[in-house]
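Structure file model23.txt (compact mmCIF, C-alpha atoms) follows.
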# COMPACT_ATOMS: atom_id res chain seq x y z
CA MET B 131 0.00 0.00 0.00
CA GLY B 132 1.44 3.37 -1.06
CA HIS B 133 1.79 6.36 1.22
CA ASP B 134 -1.13 8.07 -0.53
CA ARG B 135 -3.43 5.29 0.73
CA LEU B 136 -1.67 4.34 3.95
CA LEU B 137 -2.02 7.69 5.68
CA PRO B 138 -5.78 8.13 5.02
CA THR B 139 -6.35 4.53 6.12
CA LEU B 140 -4.46 5.10 9.37
CA LEU B 141 -6.37 8.33 10.06
CA LEU B 142 -9.67 6.56 9.38
CA LEU B 143 -8.79 3.69 11.73
CA LEU B 144 -7.64 6.17 14.37
CA GLY B 145 -10.90 8.08 14.12
CA ILE B 146 -12.93 4.86 14.43
CA GLY B 147 -10.88 3.81 17.44
CA VAL B 148 -11.37 7.16 19.18
CA TRP B 149 -15.09 7.03 18.41
CA GLU B 150 -15.38 3.53 19.90
CA LEU B 151 -13.39 4.47 22.99
CA LEU B 152 -15.24 7.70 23.73
CA ALA B 153 -18.66 6.14 23.14
CA ARG B 154 -17.89 3.49 25.74
CA LEU B 155 -16.06 5.67 28.27
CA LEU B 156 -18.71 8.38 28.21
CA ALA B 157 -21.52 5.80 28.23
CA VAL B 158 -23.29 7.55 25.34
CA PRO B 159 -26.79 6.11 24.89
CA LEU B 160 -26.93 3.74 21.94
CA TRP B 161 -29.90 5.55 20.43
CA VAL B 162 -27.86 8.79 20.38
CA LEU B 163 -24.50 7.59 19.05
CA PRO B 164 -23.72 3.87 18.85
CA PRO B 165 -20.06 2.82 18.75
CA PRO B 166 -18.67 1.45 15.47
CA SER B 167 -18.81 -2.10 16.85
CA ARG B 168 -22.59 -1.83 17.21
CA ILE B 169 -22.89 -0.48 13.66
CA LEU B 170 -20.92 -3.44 12.32
CA ALA B 171 -23.14 -5.74 14.38
CA ALA B 172 -26.18 -4.09 12.79
CA LEU B 173 -24.72 -4.73 9.34
CA VAL B 174 -24.48 -8.43 10.15
CA ARG B 175 -27.77 -8.67 12.04
CA ASP B 176 -29.84 -6.80 9.44
CA HIS B 177 -28.00 -7.98 6.34
CA ALA B 178 -31.13 -9.33 4.65
CA LEU B 179 -33.09 -6.14 5.27
CA LEU B 180 -30.19 -3.95 4.16
CA ARG B 181 -29.62 -6.04 1.04
CA HIS B 182 -33.26 -5.68 0.01
CA HIS B 183 -33.28 -1.88 0.34
CA LEU B 184 -29.80 -1.60 -1.20
CA ALA B 185 -31.04 -3.37 -4.33
CA VAL B 186 -33.85 -0.81 -4.72
CA THR B 187 -31.45 2.12 -4.38
CA LEU B 188 -28.98 0.55 -6.82
CA GLU B 189 -31.72 0.18 -9.41
CA GLU B 190 -32.64 3.86 -9.09
CA VAL B 191 -29.00 4.91 -9.33
CA ALA B 192 -28.23 2.68 -12.31
CA VAL B 193 -31.23 3.83 -14.35
CA GLY B 194 -30.68 7.47 -13.40
CA LEU B 195 -26.98 7.38 -14.30
CA VAL B 196 -27.62 5.82 -17.70
CA LEU B 197 -30.36 8.30 -18.57
CA SER B 198 -28.38 11.30 -17.28
CA THR B 199 -25.35 10.25 -19.33
CA MET B 200 -27.44 9.90 -22.49
CA LEU B 201 -29.14 13.26 -21.87
CA ALA B 202 -25.84 15.01 -21.13
CA VAL B 203 -24.19 13.67 -24.30
CA VAL B 204 -27.12 14.75 -26.50
CA LEU B 205 -27.22 18.22 -24.93
CA ALA B 206 -23.46 18.72 -25.12
CA VAL B 207 -23.26 17.71 -28.78
CA ALA B 208 -26.22 19.93 -29.64
CA ILE B 209 -24.71 22.91 -27.81
CA VAL B 210 -21.33 22.57 -29.51
CA SER B 211 -22.86 21.94 -32.93
CA SER B 212 -25.26 24.88 -33.04
CA ARG B 213 -24.90 28.48 -31.92
CA VAL B 214 -28.67 28.82 -31.75
CA VAL B 215 -28.97 25.81 -29.44
CA GLU B 216 -26.08 27.06 -27.33
CA ARG B 217 -27.59 30.50 -26.80
CA SER B 218 -31.06 29.18 -26.08
CA LEU B 219 -30.33 25.99 -24.16
CA TYR B 220 -27.05 26.42 -22.28
CA PRO B 221 -28.33 29.23 -19.99
CA LEU B 222 -31.34 27.07 -19.13
CA ILE B 223 -29.09 24.13 -18.23
CA VAL B 224 -27.08 26.35 -15.90
CA ALA B 225 -30.24 27.89 -14.43
CA SER B 226 -31.64 24.43 -13.72
CA GLN B 227 -28.99 23.97 -11.04
CA ALA B 228 -30.43 26.92 -9.11
CA ILE B 229 -33.59 24.92 -8.45
CA PRO B 230 -33.33 23.19 -5.05
CA ILE B 231 -33.81 19.49 -5.74
CA VAL B 232 -35.16 18.91 -2.23
CA ALA B 233 -37.97 21.37 -2.97
CA LEU B 234 -38.66 19.84 -6.39
CA ALA B 235 -38.81 16.25 -5.14
CA PRO B 236 -42.26 16.58 -3.51
CA LEU B 237 -43.69 17.86 -6.80
CA LEU B 238 -42.24 14.85 -8.60
CA LEU B 239 -43.90 12.68 -6.00
CA ILE B 240 -47.26 14.31 -6.71
CA TRP B 241 -46.84 14.01 -10.48
CA PHE B 242 -45.32 10.50 -10.72
CA GLY B 243 -46.30 8.74 -7.49
CA TYR B 244 -44.20 6.55 -5.21
CA GLY B 245 -42.66 4.36 -7.88
CA LEU B 246 -39.29 4.35 -9.60
CA ALA B 247 -39.85 7.40 -11.81
CA PRO B 248 -39.50 10.29 -9.31
CA LYS B 249 -36.28 8.86 -7.83
CA VAL B 250 -34.77 8.38 -11.28
CA ILE B 251 -35.72 11.93 -12.28
CA VAL B 252 -34.02 13.32 -9.17
CA VAL B 253 -30.87 11.33 -9.99
CA VAL B 254 -30.95 12.61 -13.57
CA LEU B 255 -31.40 16.22 -12.45
CA ILE B 256 -28.38 15.94 -10.16
CA CYS B 257 -26.10 13.90 -12.43
CA PHE B 258 -26.56 15.24 -15.95
CA PHE B 259 -25.12 18.69 -15.21
CA PRO B 260 -21.48 17.77 -14.36
CA ILE B 261 -21.34 15.40 -17.33
CA ALA B 262 -22.82 17.93 -19.76
CA VAL B 263 -20.70 20.89 -18.63
CA ASN B 264 -17.44 18.91 -18.67
CA LEU B 265 -18.25 17.42 -22.06
CA VAL B 266 -19.09 20.84 -23.53
CA ASP B 267 -15.76 22.18 -22.27
CA GLY B 268 -13.96 19.15 -23.68
CA LEU B 269 -15.61 19.45 -27.09
CA ARG B 270 -14.80 23.15 -27.22
CA GLY B 271 -11.22 22.74 -26.03
CA VAL B 272 -9.95 20.92 -29.11
CA ASP B 273 -6.85 22.27 -30.82
CA PRO B 274 -8.18 24.56 -33.61
CA GLU B 275 -5.39 23.45 -35.92
CA LEU B 276 -6.68 19.87 -35.84
CA VAL B 277 -10.17 21.08 -36.69
CA ASP B 278 -8.84 23.19 -39.56
CA LEU B 279 -6.81 20.23 -40.82
CA VAL B 280 -9.83 17.91 -41.01
CA ARG B 281 -11.93 20.60 -42.68
CA SER B 282 -9.15 21.31 -45.21
CA LEU B 283 -9.25 17.64 -46.15
CA GLY B 284 -12.95 17.92 -46.92
CA GLY B 285 -14.33 16.72 -43.60
CA SER B 286 -17.87 17.76 -42.75
CA ARG B 287 -18.98 19.24 -39.43
CA TRP B 288 -20.10 15.81 -38.19
CA GLN B 289 -16.89 14.14 -39.33
CA THR B 290 -14.93 16.81 -37.49
CA LEU B 291 -17.04 16.19 -34.40
CA TRP B 292 -16.55 12.42 -34.31
CA ILE B 293 -12.97 12.27 -35.59
CA VAL B 294 -11.46 15.18 -33.66
CA ARG B 295 -13.71 16.63 -31.00
CA VAL B 296 -15.18 13.50 -29.40
CA PRO B 297 -11.86 11.65 -28.84
CA ALA B 298 -10.28 14.82 -27.44
CA ALA B 299 -13.27 15.39 -25.13
CA LEU B 300 -13.29 11.90 -23.60
CA PRO B 301 -11.05 12.83 -20.62
CA ALA B 302 -13.39 15.70 -19.75
CA PHE B 303 -16.40 13.43 -20.19
CA PHE B 304 -15.02 10.87 -17.75
CA SER B 305 -14.18 13.61 -15.25
CA GLY B 306 -17.83 14.63 -15.27
CA LEU B 307 -18.93 11.00 -15.11
CA ARG B 308 -16.86 10.38 -11.97
CA VAL B 309 -18.49 13.34 -10.26
CA ALA B 310 -21.96 12.25 -11.36
CA ALA B 311 -21.35 8.68 -10.20
CA ALA B 312 -20.27 9.89 -6.77
CA VAL B 313 -23.35 12.10 -6.23
CA SER B 314 -25.90 9.81 -7.87
CA VAL B 315 -26.61 8.02 -4.59
CA ILE B 316 -27.48 11.37 -3.00
CA GLY B 317 -30.16 11.91 -5.64
CA ALA B 318 -31.68 8.49 -4.99
CA LEU B 319 -31.68 9.07 -1.24
CA ILE B 320 -33.38 12.46 -1.62
CA GLY B 321 -36.13 10.89 -3.67
CA GLU B 322 -36.57 8.11 -1.12
CA TRP B 323 -36.65 10.53 1.82
CA VAL B 324 -39.50 12.49 0.25
CA GLY B 325 -41.66 9.47 -0.44
CA SER B 326 -41.02 5.79 -1.04
CA SER B 327 -41.73 2.34 0.29
CA ALA B 328 -38.23 0.89 -0.14
CA GLY B 329 -34.60 1.93 -0.53
CA LEU B 330 -31.79 2.94 1.80
CA GLY B 331 -33.24 6.43 2.21
CA TYR B 332 -36.60 4.99 3.23
CA LEU B 333 -34.83 2.64 5.65
CA MET B 334 -32.96 5.55 7.24
CA ILE B 335 -36.17 7.49 7.87
CA ARG B 336 -37.98 4.46 9.23
CA ALA B 337 -35.08 3.38 11.45
CA ALA B 338 -34.61 6.91 12.79
CA SER B 339 -38.29 7.15 13.74
CA GLN B 340 -37.87 3.90 15.70
CA PHE B 341 -34.57 5.06 17.30
CA HIS B 342 -32.61 2.25 15.65
CA THR B 343 -29.62 4.54 15.25
CA ASP B 344 -27.21 1.68 14.57
CA ARG B 345 -29.37 0.69 11.58
CA VAL B 346 -29.36 4.29 10.33
CA PHE B 347 -25.56 4.34 10.46
CA ALA B 348 -25.42 0.97 8.70
CA ALA B 349 -27.55 2.36 5.86
CA VAL B 350 -25.39 5.50 5.71
CA LEU B 351 -22.25 3.36 5.55
CA LEU B 352 -23.67 1.30 2.70
CA SER B 353 -24.63 4.48 0.82
CA ALA B 354 -21.10 5.84 1.20
CA LEU B 355 -19.57 2.58 0.03
CA VAL B 356 -21.81 2.56 -3.05
CA SER B 357 -20.76 6.13 -3.90
CA ILE B 358 -17.09 5.24 -3.53
CA ALA B 359 -17.53 2.09 -5.61
CA LEU B 360 -19.29 4.01 -8.38
CA PHE B 361 -16.58 6.68 -8.39
CA TRP B 362 -13.81 4.10 -8.72
CA SER B 363 -15.80 2.15 -11.33
CA ALA B 364 -15.98 5.29 -13.45
CA GLY B 365 -12.22 5.63 -13.05
CA LEU B 366 -11.68 2.02 -14.12
CA LEU B 367 -13.92 2.59 -17.13
CA GLU B 368 -11.86 5.63 -18.05
CA ARG B 369 -8.59 3.69 -17.81
CA ALA B 370 -10.08 0.94 -19.98
CA ALA B 371 -11.33 3.41 -22.60
CA LEU B 372 -8.25 5.65 -22.49
CA PRO B 373 -5.31 3.40 -21.63
CA TRP B 374 -2.80 5.93 -22.94
CA ARG B 375 -3.72 8.31 -20.11
CA THR B 376 -2.58 5.84 -17.43
CA VAL B 377 0.88 7.00 -16.49
CA PRO B 378 2.93 4.81 -14.11
CA ARG B 379 3.70 6.61 -10.85
CA THR B 380 7.32 6.96 -9.83
CA GLU B 381 8.26 7.10 -6.20
CA SER B 382 10.44 10.02 -5.20

Go ahead and render the structure in this file as structure tokens.
Amino acid sequence: MGHDRLLPTLLLLLGIGVWELLARLLAVPLWVLPPPSRILAALVRDHALLRHHLAVTLEEVAVGLVLSTMLAVVLAVAIVSSRVVERSLYPLIVASQAIPIVALAPLLLIWFGYGLAPKVIVVVLICFFPIAVNLVDGLRGVDPELVDLVRSLGGSRWQTLWIVRVPAALPAFFSGLRVAAAVSVIGALIGEWVGSSAGLGYLMIRAASQFHTDRVFAAVLLSALVSIALFWSAGLLERAALPWRTVPRTES
């Protein structure tokens, strides 16, 4: 394990150890702040319940991420390809991020009910923006000389887009995808908090109302692990798609 991973791991273990020690020495009530050992016990004890609700949240995240990626790619290509679309659509995309998702979620619940749709829409609203903005910047940031070269050889606007702009924009696209993957779980949880009958967010609300704080922490831990796993999966996908960008690290 390299120093870049060893130090954070040691700090994390130290923090967990201090938490465990203080919770026991100060005799903190379990319903207020359970020690990490009780949270791990809850993970084992409630594994079937947690697995059921985790599957629901994963479905919402997966569908939302796929749809947000497709929407972001279409919007980014349209913005870069047309000045009219850019001037009319890009300001609206930016303005959409000023809408508080927490306030919008109840309306989605009224319009679409308690099913999968409102949670997926919340995930899409949160995730499409970083992908779209990064991809637009990547498509615009191509070396103009390469664009002029393709056009001088008779390449059309679409040929220039797919031959020059898209390959050059892939690093920016994956940067946005990593961010979207990391925050996608937050979108699913928001939708579940507002109204649902299953999912980790629903389980958190229900467990908190019953003062099962260890179960709440177990659900929070699973949510964090899913976010981390999605972030690293996006990184692995980037390394697979762009192997030339993987540069071996040299120790100083």

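For the pair CA of Leu180 (chain B) and CA of Met334 (chain B), the interatomic distance is 10.4 Å.
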
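Interatomic distance, CA of Ala178 (chain B) to CA of Glu190 (chain B): 19.1 Å.
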
Need the shell around Ile146 (chain B): protein/DNA/RNA residues with any atom at most 9 Å away, counting all atoms listed in the file. Skip same-chain ones fewer than 4 positions apart. Format as a ChimeraX atom specification? /B:141-142,150-151,165-166

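Counting only C-alpha atoms, the residue from B:Pro260, B:Gly271, B:Gly329, B:Pro248 that sits nearest to Val309 (chain B) is B:Pro260.
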
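Distances here use all atoms listed in the file; by that measure, the residue among B:Arg369, B:Arg345, B:Arg135, B:His183 closest to Leu160 (chain B) is B:Arg345.
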
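Of the listed residues (B:Leu205, B:Leu234, B:Ile320, B:Leu152), B:Ile320 comes nearest to Ile335 (chain B); the distances count only C-alpha atoms.
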
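Distance-wise, CA of Cys257 (chain B) and CA of Leu222 (chain B) end up 15.7 Å apart.
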
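Using only C-alpha atoms, the nearest neighbour of Phe259 (chain B) within the list B:Ser218, B:Tyr244, B:Val294, B:Val203 is B:Val203.
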